[in-house]
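Trainee: Data file protein_4.pdb (PDB, C-alpha atoms, pLDDT in the B column) is appended below.
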```
MODEL        1
ATOM      1  CA  MET Z  27      85.867 109.224 102.788  1.00 95.00           C
ATOM      2  CA  THR Z  28      88.267 107.748 105.317  1.00 97.00           C
ATOM      3  CA  ILE Z  29      87.748 104.039 105.876  1.00 98.00           C
ATOM      4  CA  GLY Z  30      89.348 102.311 108.845  1.00 98.00           C
ATOM      5  CA  PHE Z  31      90.490  98.708 109.057  1.00 98.00           C
ATOM      6  CA  LEU Z  32      91.851  99.004 112.567  1.00 97.00           C
ATOM      7  CA  GLY Z  33      92.885  96.737 115.391  1.00 93.00           C
ATOM      8  CA  ALA Z  34      95.972  94.568 115.023  1.00 94.00           C
ATOM      9  CA  ALA Z  35      95.361  92.505 111.896  1.00 94.00           C
ATOM     10  CA  LYS Z  36      94.552  88.822 112.185  1.00 94.00           C
ATOM     11  CA  GLU Z  37      93.502  86.301 109.614  1.00 94.00           C
ATOM     12  CA  ARG Z  38      90.148  85.728 111.324  1.00 93.00           C
ATOM     13  CA  LYS Z  39      89.532  89.493 111.381  1.00 94.00           C
ATOM     14  CA  GLY Z  40      89.411  89.410 107.573  1.00 95.00           C
ATOM     15  CA  PHE Z  41      92.699  91.173 106.830  1.00 97.00           C
ATOM     16  CA  ASP Z  42      93.162  89.182 103.622  1.00 97.00           C
ATOM     17  CA  LEU Z  43      89.793  90.495 102.379  1.00 97.00           C
ATOM     18  CA  ILE Z  44      90.858  94.162 102.482  1.00 98.00           C
ATOM     19  CA  PRO Z  45      92.301  94.330  98.934  1.00 98.00           C
ATOM     20  CA  SER Z  46      89.103  92.787  97.585  1.00 97.00           C
ATOM     21  CA  ILE Z  47      86.980  95.158  99.668  1.00 98.00           C
ATOM     22  CA  LEU Z  48      88.894  98.146  98.314  1.00 98.00           C
ATOM     23  CA  SER Z  49      88.582  96.911  94.733  1.00 96.00           C
ATOM     24  CA  ASN Z  50      84.813  96.573  95.227  1.00 96.00           C
ATOM     25  CA  LEU Z  51      84.359 100.198  96.241  1.00 96.00           C
ATOM     26  CA  PRO Z  52      82.587 102.298  93.615  1.00 94.00           C
ATOM     27  CA  SER Z  53      85.039 103.895  91.205  1.00 91.00           C
ATOM     28  CA  THR Z  54      83.421 107.252  91.962  1.00 92.00           C
ATOM     29  CA  LEU Z  55      84.227 107.012  95.681  1.00 94.00           C
ATOM     30  CA  SER Z  56      87.258 109.031  96.685  1.00 95.00           C
ATOM     31  CA  TYR Z  57      88.706 107.294  99.728  1.00 97.00           C
ATOM     32  CA  LYS Z  58      91.671 106.898 102.003  1.00 98.00           C
ATOM     33  CA  ALA Z  59      92.025 103.664 103.981  1.00 98.00           C
ATOM     34  CA  ILE Z  60      93.818 103.412 107.310  1.00 98.00           C
ATOM     35  CA  VAL Z  61      94.920  99.810 107.814  1.00 98.00           C
ATOM     36  CA  GLN Z  62      96.645  98.399 110.865  1.00 98.00           C
ATOM     37  CA  LYS Z  63      99.199  95.691 110.198  1.00 97.00           C
ATOM     38  CA  ALA Z  64      99.608  92.448 112.156  1.00 97.00           C
ATOM     39  CA  ASN Z  65     101.886  91.610 115.029  1.00 95.00           C
ATOM     40  CA  TYR Z  66     102.175  87.994 113.814  1.00 95.00           C
ATOM     41  CA  SER Z  67     101.976  86.831 110.217  1.00 95.00           C
ATOM     42  CA  TRP Z  68     100.144  83.884 108.650  1.00 96.00           C
ATOM     43  CA  LYS Z  69     100.251  82.139 105.287  1.00 95.00           C
ATOM     44  CA  LEU Z  70      98.765  84.882 103.056  1.00 95.00           C
ATOM     45  CA  TYR Z  71      99.795  87.884 105.155  1.00 97.00           C
ATOM     46  CA  SER Z  72     102.856  88.950 103.125  1.00 97.00           C
ATOM     47  CA  GLU Z  73     100.935  88.738  99.852  1.00 97.00           C
ATOM     48  CA  THR Z  74      98.057  90.801 101.221  1.00 98.00           C
ATOM     49  CA  LEU Z  75     100.412  93.348 102.778  1.00 97.00           C
ATOM     50  CA  LYS Z  76     102.203  93.779  99.448  1.00 97.00           C
ATOM     51  CA  LYS Z  77      98.891  94.528  97.687  1.00 98.00           C
ATOM     52  CA  LEU Z  78      98.043  97.108 100.322  1.00 98.00           C
ATOM     53  CA  GLN Z  79     101.479  98.725 100.085  1.00 98.00           C
ATOM     54  CA  GLU Z  80     100.950  99.139  96.325  1.00 97.00           C
ATOM     55  CA  ASN Z  81      97.671 101.014  96.849  1.00 97.00           C
ATOM     56  CA  PRO Z  82      98.366 104.772  97.090  1.00 97.00           C
ATOM     57  CA  ASN Z  83      95.110 105.287  99.006  1.00 97.00           C
ATOM     58  CA  VAL Z  84      96.237 103.067 101.894  1.00 98.00           C
ATOM     59  CA  LYS Z  85      98.020 104.315 104.992  1.00 98.00           C
ATOM     60  CA  LEU Z  86      99.533 101.450 106.979  1.00 98.00           C
ATOM     61  CA  LEU Z  87      99.951 101.556 110.742  1.00 97.00           C
ATOM     62  CA  SER Z  88     102.111  99.311 112.867  1.00 97.00           C
ATOM     63  CA  GLY Z  89     100.454  96.286 114.413  1.00 96.00           C
ATOM     64  CA  SER Z  90     101.678  97.510 117.810  1.00 96.00           C
ATOM     65  CA  ILE Z  91     100.263 100.926 118.550  1.00 96.00           C
ATOM     66  CA  SER Z  92      99.152 102.495 121.792  1.00 96.00           C
ATOM     67  CA  LEU Z  93      95.498 102.855 122.668  1.00 95.00           C
ATOM     68  CA  GLU Z  94      95.935 106.611 122.257  1.00 96.00           C
ATOM     69  CA  VAL Z  95      97.179 106.215 118.670  1.00 97.00           C
ATOM     70  CA  LEU Z  96      94.423 103.701 117.897  1.00 97.00           C
ATOM     71  CA  LEU Z  97      91.726 106.045 119.180  1.00 96.00           C
ATOM     72  CA  GLU Z  98      93.234 108.986 117.326  1.00 97.00           C
ATOM     73  CA  ASN Z  99      93.117 107.022 114.057  1.00 97.00           C
ATOM     74  CA  ILE Z 100      89.564 105.857 114.709  1.00 97.00           C
ATOM     75  CA  SER Z 101      88.582 109.495 115.167  1.00 97.00           C
ATOM     76  CA  PHE Z 102      89.901 110.272 111.662  1.00 97.00           C
ATOM     77  CA  CYS Z 103      87.558 107.705 110.077  1.00 97.00           C
ATOM     78  CA  ASP Z 104      84.144 108.160 108.521  1.00 95.00           C
ATOM     79  CA  VAL Z 105      83.442 104.434 108.798  1.00 96.00           C
ATOM     80  CA  LEU Z 106      85.141 101.310 110.145  1.00 97.00           C
ATOM     81  CA  ILE Z 107      84.906  98.112 108.172  1.00 97.00           C
ATOM     82  CA  LEU Z 108      85.118  95.006 110.357  1.00 96.00           C
ATOM     83  CA  PRO Z 109      85.311  92.129 107.845  1.00 95.00           C
ATOM     84  CA  TYR Z 110      85.505  89.479 110.565  1.00 93.00           C
ATOM     85  CA  ASP Z 111      85.027  85.792 109.792  1.00 90.00           C
ATOM     86  CA  LYS Z 112      81.464  84.802 110.709  1.00 89.00           C
ATOM     87  CA  ASP Z 113      82.458  81.368 111.946  1.00 88.00           C
ATOM     88  CA  SER Z 114      85.268  82.352 114.301  1.00 84.00           C
ATOM     89  CA  TYR Z 115      83.437  85.523 115.408  1.00 75.00           C
ATOM     90  CA  SER Z 116      79.998  83.949 115.748  1.00 70.00           C
ATOM     91  CA  ILE Z 117      79.731  84.744 119.464  1.00 63.00           C
ATOM     92  CA  ASN Z 118      82.476  87.345 119.919  1.00 69.00           C
ATOM     93  CA  ALA Z 119      82.013  91.045 120.515  1.00 73.00           C
ATOM     94  CA  SER Z 120      84.316  93.709 119.120  1.00 82.00           C
ATOM     95  CA  GLY Z 121      86.112  96.371 121.115  1.00 83.00           C
ATOM     96  CA  LEU Z 122      86.461  98.287 117.856  1.00 91.00           C
ATOM     97  CA  LEU Z 123      82.677  98.479 117.614  1.00 92.00           C
ATOM     98  CA  TYR Z 124      82.620 100.062 121.078  1.00 92.00           C
ATOM     99  CA  HIS Z 125      85.350 102.562 120.195  1.00 94.00           C
ATOM    100  CA  ALA Z 126      83.627 103.440 116.919  1.00 95.00           C
ATOM    101  CA  CYS Z 127      80.373 104.059 118.764  1.00 93.00           C
ATOM    102  CA  ASP Z 128      82.148 106.278 121.291  1.00 94.00           C
ATOM    103  CA  PHE Z 129      83.204 108.455 118.324  1.00 96.00           C
ATOM    104  CA  GLU Z 130      79.788 108.040 116.628  1.00 95.00           C
ATOM    105  CA  ILE Z 131      81.384 106.358 113.633  1.00 95.00           C
ATOM    106  CA  PRO Z 132      79.305 103.719 111.838  1.00 96.00           C
ATOM    107  CA  VAL Z 133      80.665 100.272 111.112  1.00 97.00           C
ATOM    108  CA  ILE Z 134      80.197  97.849 108.249  1.00 97.00           C
ATOM    109  CA  SER Z 135      80.452  94.147 108.989  1.00 96.00           C
ATOM    110  CA  PHE Z 136      79.136  90.821 107.787  1.00 95.00           C
ATOM    111  CA  ARG Z 137      75.726  89.615 108.788  1.00 94.00           C
ATOM    112  CA  GLY Z 138      76.192  86.713 111.195  1.00 93.00           C
ATOM    113  CA  VAL Z 139      79.128  87.954 113.278  1.00 93.00           C
ATOM    114  CA  GLY Z 140      78.523  87.862 117.020  1.00 89.00           C
ATOM    115  CA  PHE Z 141      77.951  91.601 117.243  1.00 91.00           C
ATOM    116  CA  SER Z 142      75.656  91.905 114.195  1.00 93.00           C
ATOM    117  CA  LYS Z 143      72.547  92.050 116.404  1.00 93.00           C
ATOM    118  CA  GLU Z 144      73.998  95.084 118.192  1.00 92.00           C
ATOM    119  CA  ILE Z 145      74.659  96.784 114.859  1.00 94.00           C
ATOM    120  CA  GLU Z 146      71.160  95.971 113.675  1.00 94.00           C
ATOM    121  CA  ASN Z 147      69.179  96.575 116.879  1.00 93.00           C
ATOM    122  CA  TYR Z 148      70.841  99.900 117.720  1.00 95.00           C
ATOM    123  CA  ASN Z 149      71.428 101.100 114.139  1.00 95.00           C
ATOM    124  CA  LEU Z 150      75.203 101.358 114.555  1.00 95.00           C
ATOM    125  CA  GLY Z 151      76.076 100.858 110.920  1.00 95.00           C
ATOM    126  CA  PHE Z 152      75.474  98.391 108.151  1.00 96.00           C
ATOM    127  CA  LEU Z 153      75.483  94.636 107.661  1.00 96.00           C
ATOM    128  CA  ILE Z 154      76.389  93.019 104.376  1.00 96.00           C
ATOM    129  CA  ASP Z 155      76.285  89.456 103.115  1.00 96.00           C
ATOM    130  CA  SER Z 156      79.115  89.808 100.602  1.00 95.00           C
ATOM    131  CA  ILE Z 157      81.910  92.164  99.617  1.00 96.00           C
ATOM    132  CA  GLU Z 158      80.290  92.640  96.211  1.00 96.00           C
ATOM    133  CA  GLU Z 159      77.452  94.585  97.889  1.00 95.00           C
ATOM    134  CA  LEU Z 160      79.899  97.441  98.455  1.00 95.00           C
ATOM    135  CA  LYS Z 161      79.885  98.264  94.722  1.00 94.00           C
ATOM    136  CA  ASN Z 162      76.308  99.550  94.979  1.00 91.00           C
ATOM    137  CA  PHE Z 163      76.478 100.637  98.607  1.00 90.00           C
ATOM    138  CA  ASP Z 164      75.172 104.108  99.477  1.00 88.00           C
ATOM    139  CA  TRP Z 165      78.298 105.790 100.860  1.00 91.00           C
ATOM    140  CA  SER Z 166      76.546 109.119 101.525  1.00 86.00           C
ATOM    141  CA  PHE Z 167      75.480 108.195 105.041  1.00 80.00           C
ATOM    142  CA  LYS Z 168      76.700 111.238 106.951  1.00 71.00           C
ATOM    143  CA  ASN Z 169      73.116 112.494 107.292  1.00 77.00           C
ATOM    144  CA  LYS Z 170      71.680 109.136 108.337  1.00 87.00           C
ATOM    145  CA  LYS Z 171      70.435 108.689 111.883  1.00 90.00           C
ATOM    146  CA  PHE Z 172      72.338 106.219 114.002  1.00 93.00           C
ATOM    147  CA  GLY Z 173      71.608 104.987 117.527  1.00 90.00           C
ATOM    148  CA  PHE Z 174      74.975 105.758 119.087  1.00 90.00           C
ATOM    149  CA  SER Z 175      73.714 107.799 122.044  1.00 88.00           C
ATOM    150  CA  VAL Z 176      71.195 105.163 123.149  1.00 90.00           C
ATOM    151  CA  TYR Z 177      73.707 102.363 122.668  1.00 85.00           C
ATOM    152  CA  ASN Z 178      76.545 104.174 124.456  1.00 83.00           C
ATOM    153  CA  GLU Z 179      74.306 105.084 127.387  1.00 85.00           C
ATOM    154  CA  LEU Z 180      73.063 101.509 127.713  1.00 82.00           C
ATOM    155  CA  ARG Z 181      76.591 100.115 127.451  1.00 80.00           C
ATOM    156  CA  GLN Z 182      77.857 102.527 130.125  1.00 78.00           C
ATOM    157  CA  SER Z 183      74.933 101.717 132.411  1.00 77.00           C
ATOM    158  CA  ARG Z 184      75.517  97.976 132.078  1.00 71.00           C
ATOM    159  CA  THR Z 185      79.250  98.394 132.710  1.00 70.00           C
ATOM    160  CA  ILE Z 186      78.619 100.389 135.881  1.00 70.00           C
ATOM    161  CA  ASN Z 187      76.053  97.832 137.023  1.00 72.00           C
ATOM    162  CA  LEU Z 188      78.495  94.998 136.349  1.00 70.00           C
ATOM    163  CA  LEU Z 189      81.306  96.712 138.229  1.00 73.00           C
ATOM    164  CA  PHE Z 190      79.373  98.197 141.139  1.00 79.00           C
ATOM    165  CA  GLY Z 191      76.049  96.363 141.260  1.00 76.00           C
ATOM    166  CA  ASN Z 192      72.667  98.012 141.720  1.00 67.00           C
ATOM    167  CA  ASN Z 193      73.725 100.015 144.778  1.00 53.00           C
TER     168      ASN Z 193
ENDMDL
END
```
Kindly transcribe the structure held in the file into structure tokens.
Mentor:
Amino acid sequence: MTIGFLGAAKERKGFDLIPSILSNLPSTLSYKAIVQKANYSWKLYSETLKKLQENPNVKLLSGSISLEVLLENISFCDVLILPYDKDSYSINASGLLYHACDFEIPVISFRGVGFSKEIENYNLGFLIDSIEELKNFDWSFKNKKFGFSVYNELRQSRTINLLFGNN
């Protein structure tokens, strides 16, 4: 299982939660995590980065990568975890959600983030209330049905309409 924590790390994107998330994965789950570092640090960043560097299952990417490298790494993932802060992301969307959907990769995020209704309404992944839920999470979701095609088509249609109108 390859788990992505991608997009340049920020405190409000839940970077400091990643070690706890990884420690709450079932012990039977064999995983590799791809984690993108930050461009700018904050108070706990160095401590969190050190924990991640000590984990042999974690591959760290630079905070500054090209879109091509980002998309390539997303394509390697089986799931993206977007542990964004519910308060600072209460009305925000996520470009990573859009990229994940383009690759038909499910996401896991917290219930209450601004894009949780999209995840729920279009079946784009899973919503959790707490990190501890990951211990008993069903990680065998490769055969589950997701709504990527409907969501991607709708998103493309709305983008074209926004750019070019109804003509």
Trainee: Grab the CA of Ile131 (chain Z) to CA of Phe31 (chain Z) distance for me, in Å with one decimal place.
Mentor: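 Between CA of Ile131 (chain Z) and CA of Phe31 (chain Z) the gap works out to 12.7 Å.
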Trainee: Using the chain letters and numbers from the file, give me the residues hit by the PyMOL selection byres ((chain Z and resi 101) around 12), as a short mmCIF file (atom, residue, chain, number, x, y, z; two decimals) with C-alpha atoms, in the coordinates of the input.
Mentor:
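The file below, part.cif, is the result:
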```
data_model
loop_
_atom_site.label_atom_id
_atom_site.label_comp_id
_atom_site.auth_asym_id
_atom_site.auth_seq_id
_atom_site.Cartn_x
_atom_site.Cartn_y
_atom_site.Cartn_z
CA THR Z 28 88.27 107.75 105.32
CA ILE Z 29 87.75 104.04 105.88
CA GLY Z 30 89.35 102.31 108.84
CA LEU Z 32 91.85 99.00 112.57
CA ILE Z 60 93.82 103.41 107.31
CA GLU Z 94 95.94 106.61 122.26
CA VAL Z 95 97.18 106.22 118.67
CA LEU Z 96 94.42 103.70 117.90
CA LEU Z 97 91.73 106.04 119.18
CA GLU Z 98 93.23 108.99 117.33
CA ASN Z 99 93.12 107.02 114.06
CA ILE Z 100 89.56 105.86 114.71
CA PHE Z 102 89.90 110.27 111.66
CA CYS Z 103 87.56 107.70 110.08
CA ASP Z 104 84.14 108.16 108.52
CA VAL Z 105 83.44 104.43 108.80
CA LEU Z 106 85.14 101.31 110.14
CA LEU Z 122 86.46 98.29 117.86
CA HIS Z 125 85.35 102.56 120.20
CA ALA Z 126 83.63 103.44 116.92
CA CYS Z 127 80.37 104.06 118.76
CA ASP Z 128 82.15 106.28 121.29
CA PHE Z 129 83.20 108.46 118.32
CA GLU Z 130 79.79 108.04 116.63
CA ILE Z 131 81.38 106.36 113.63
CA PRO Z 132 79.31 103.72 111.84
#
```
Trainee: What does the structure give for the distance between CA of Thr74 (chain Z) and CA of Tyr124 (chain Z), in Å to one decimal?
Mentor: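 Straight-line distance from CA of Thr74 (chain Z) to CA of Tyr124 (chain Z) works out to 26.8 Å.
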Trainee: Quick check on the file I pasted: which residues fall under the PyMOL selection byres ((chain Z and resi 149) around 12)? Write them as a VMD selection string.
Mentor: chain Z and resid 127 130 to 134 141 to 148 150 to 153 170 to 178
Trainee: When you count all atoms listed in the file, which of these residues is closest to Ser88 (chain Z): Z:Ser56, Z:Ser135, Z:Glu159, Z:Ala35?
Mentor: Z:Ala35
Trainee: Check what the PyMOL selection byres ((chain Z and resi 46) around 12) selects in the file above and give those residues as a list in words.
Mentor: Gly40, Phe41, Asp42, Leu43, Ile44, Pro45, Ile47, Leu48, Ser49, Asn50, Leu51, Thr74, Lys77, Leu78, Asn81, Pro109, Ser156, Ile157, Glu158, Glu159, Leu160 and Lys161 of chain Z
